[in-house]
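Okay, structure first, notes after.
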Amino acid sequence: MEIQFDKVLIDGSEQDIRDFSYNNGVVVDWREEEDLIVADFASRLENETLSAEYTDEGLIATYNGVKHEIPLTFSMRDRYLTIRGLMSILKDAYEIRVFDGSLGSDTHIFYIKPKEWWEYMDRNFSEAVKKIFFEIDDELDFGAGRDRFYAFGPDS
């Protein structure tokens, strides 16, 4: 299988990559509702179904007919709890990374692609990928950048 990718990710200018991210990524504002975040990611999946509904404890995300619980805290941290929950649910087929240029702001842009795509890009264009994308870890949140500055308090 040949991997297709947009050359702008490899040799585009900073502005070209910024434009690409807005047009091809999942744009999430720190105030966005979690079920809408799931719907936005679902719109990027081909031939698969993903949806979510609220419960008293958080979300129930249904991926290809299988239900998964995503516990929420009903705080500002829930956006990333939802994204990490989706990463866990989709981990066998997809990977989600955030465009580095959006970190540190109140709107982050995510790129969801098949795992094989990321493996190919990491193997063949490692330097470019490291400059453009940031891997999501347990500490990343809105207002946080590579320096781990949090604009929101620990109890937000």
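Here, A, B, ... name the chains of the structure tokens in the order displayed, residue numbers run from 1 inside each chain, and ligands are numbered from 1 in the same displayed order.
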Taking 6 positions as the minimum chain separation for residues in the same chain, which residues sit within 8 Å of stretch 44-53 of chain A when counting only C-alpha atoms? Answer as a tab-separated table (two decimals) with N, CA and C atoms, in the first residue's frame.
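Listing of result25.tsv after writing:
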chain	number	residue	atom	x	y	z
A	35	ASP	N	-19.12	16.14	23.22
A	35	ASP	CA	-19.78	15.35	22.18
A	35	ASP	C	-19.52	15.92	20.79
A	38	VAL	N	-16.07	14.73	19.65
A	38	VAL	CA	-16.17	13.37	19.10
A	38	VAL	C	-16.74	13.42	17.69
A	59	LEU	N	-18.88	10.44	29.15
A	59	LEU	CA	-19.35	10.12	27.80
A	59	LEU	C	-19.35	8.62	27.58
A	60	ILE	N	-20.27	8.19	26.76
A	60	ILE	CA	-20.21	6.86	26.17
A	60	ILE	C	-19.93	7.10	24.70
A	61	ALA	N	-18.75	6.67	24.25
A	61	ALA	CA	-18.38	6.78	22.84
A	61	ALA	C	-18.61	5.43	22.19
A	62	THR	N	-19.30	5.44	21.07
A	62	THR	CA	-19.57	4.20	20.34
A	62	THR	C	-18.75	4.23	19.06
A	63	TYR	N	-17.83	3.27	18.96
A	63	TYR	CA	-16.95	3.15	17.81
A	63	TYR	C	-17.23	1.83	17.10
A	64	ASN	N	-17.72	1.94	15.88
A	64	ASN	CA	-18.09	0.75	15.09
A	64	ASN	C	-18.96	-0.22	15.88
A	65	GLY	N	-19.92	0.35	16.61
A	65	GLY	CA	-20.90	-0.45	17.33
A	65	GLY	C	-20.49	-0.86	18.74
A	112	ILE	N	-5.67	13.46	12.69
A	112	ILE	CA	-5.93	12.04	12.88
A	112	ILE	C	-5.67	11.33	11.56
Checklist entry - So which residues touch A:Val8 within 12 Å, counting only C-alpha atoms, skipping near sequence neighbours fewer than 2 positions away, as a PyMOL selection string? => result chain A and resi 5-6+10-21+24+128-129+132
Checklist entry - Just asking: which residues within chain A are alpha helix (DSSP H) according to DSSP, as a ChimeraX atom specification? => result /A:8-11,14-24,34-42,78-90,115-124,126-132
Based on the selection just made, write C-alpha atoms of those residues as an mmCIF file, in the first residue's frame.
data_model
loop_
_atom_site.group_PDB
_atom_site.id
_atom_site.type_symbol
_atom_site.label_atom_id
_atom_site.label_comp_id
_atom_site.auth_asym_id
_atom_site.auth_seq_id
_atom_site.Cartn_x
_atom_site.Cartn_y
_atom_site.Cartn_z
ATOM 1 C CA VAL A 8 3.189 20.888 2.309
ATOM 2 C CA LEU A 9 3.892 18.924 5.493
ATOM 3 C CA ILE A 10 7.441 18.281 4.313
ATOM 4 C CA ASP A 11 8.463 21.388 2.436
ATOM 5 C CA GLU A 14 5.104 28.010 8.201
ATOM 6 C CA GLN A 15 2.064 29.825 6.781
ATOM 7 C CA ASP A 16 1.331 26.970 4.341
ATOM 8 C CA ILE A 17 1.404 24.477 7.216
ATOM 9 C CA ARG A 18 -0.798 26.735 9.363
ATOM 10 C CA ASP A 19 -3.346 26.971 6.537
ATOM 11 C CA PHE A 20 -3.149 23.220 5.968
ATOM 12 C CA SER A 21 -3.775 22.529 9.659
ATOM 13 C CA TYR A 22 -6.949 24.633 9.721
ATOM 14 C CA ASN A 23 -8.257 23.064 6.544
ATOM 15 C CA ASN A 24 -7.367 19.443 7.316
ATOM 16 C CA GLU A 34 -17.125 16.997 24.348
ATOM 17 C CA ASP A 35 -19.782 15.346 22.181
ATOM 18 C CA LEU A 36 -18.998 17.870 19.428
ATOM 19 C CA ILE A 37 -15.300 17.025 19.699
ATOM 20 C CA VAL A 38 -16.171 13.368 19.101
ATOM 21 C CA ALA A 39 -18.360 14.334 16.132
ATOM 22 C CA ASP A 40 -15.529 16.394 14.625
ATOM 23 C CA PHE A 41 -13.115 13.464 14.888
ATOM 24 C CA ALA A 42 -15.787 11.110 13.527
ATOM 25 C CA ASP A 78 -12.469 17.446 29.957
ATOM 26 C CA ARG A 79 -11.502 18.469 26.426
ATOM 27 C CA TYR A 80 -8.235 16.596 26.680
ATOM 28 C CA LEU A 81 -9.794 13.757 28.669
ATOM 29 C CA THR A 82 -12.108 13.289 25.682
ATOM 30 C CA ILE A 83 -9.244 13.432 23.191
ATOM 31 C CA ARG A 84 -7.157 10.969 25.205
ATOM 32 C CA GLY A 85 -10.207 8.729 25.498
ATOM 33 C CA LEU A 86 -10.598 8.793 21.715
ATOM 34 C CA MET A 87 -6.903 8.023 21.313
ATOM 35 C CA SER A 88 -7.356 4.949 23.486
ATOM 36 C CA ILE A 89 -10.461 3.799 21.621
ATOM 37 C CA LEU A 90 -8.904 4.309 18.182
ATOM 38 C CA LYS A 115 -1.198 4.345 12.282
ATOM 39 C CA GLU A 116 0.556 3.196 9.112
ATOM 40 C CA TRP A 117 0.586 6.782 7.866
ATOM 41 C CA TRP A 118 2.287 8.028 11.041
ATOM 42 C CA GLU A 119 4.798 5.159 10.956
ATOM 43 C CA TYR A 120 5.684 6.005 7.360
ATOM 44 C CA MET A 121 6.011 9.721 8.112
ATOM 45 C CA ASP A 122 8.111 9.120 11.252
ATOM 46 C CA ARG A 123 10.380 6.744 9.358
ATOM 47 C CA ASN A 124 10.839 8.880 6.229
ATOM 48 C CA SER A 126 11.254 12.381 11.088
ATOM 49 C CA GLU A 127 12.691 15.911 11.316
ATOM 50 C CA ALA A 128 9.712 17.546 9.597
ATOM 51 C CA VAL A 129 7.204 15.545 11.659
ATOM 52 C CA LYS A 130 8.922 16.556 14.915
ATOM 53 C CA LYS A 131 8.754 20.222 13.915
ATOM 54 C CA ILE A 132 5.095 20.148 12.905
#
Checklist entry - Do you have the atom CA of A:His108-atom CA of A:Gly25 distance handy? => result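 Taking atom CA of A:His108 and atom CA of A:Gly25, their separation equals 9.4 Å.
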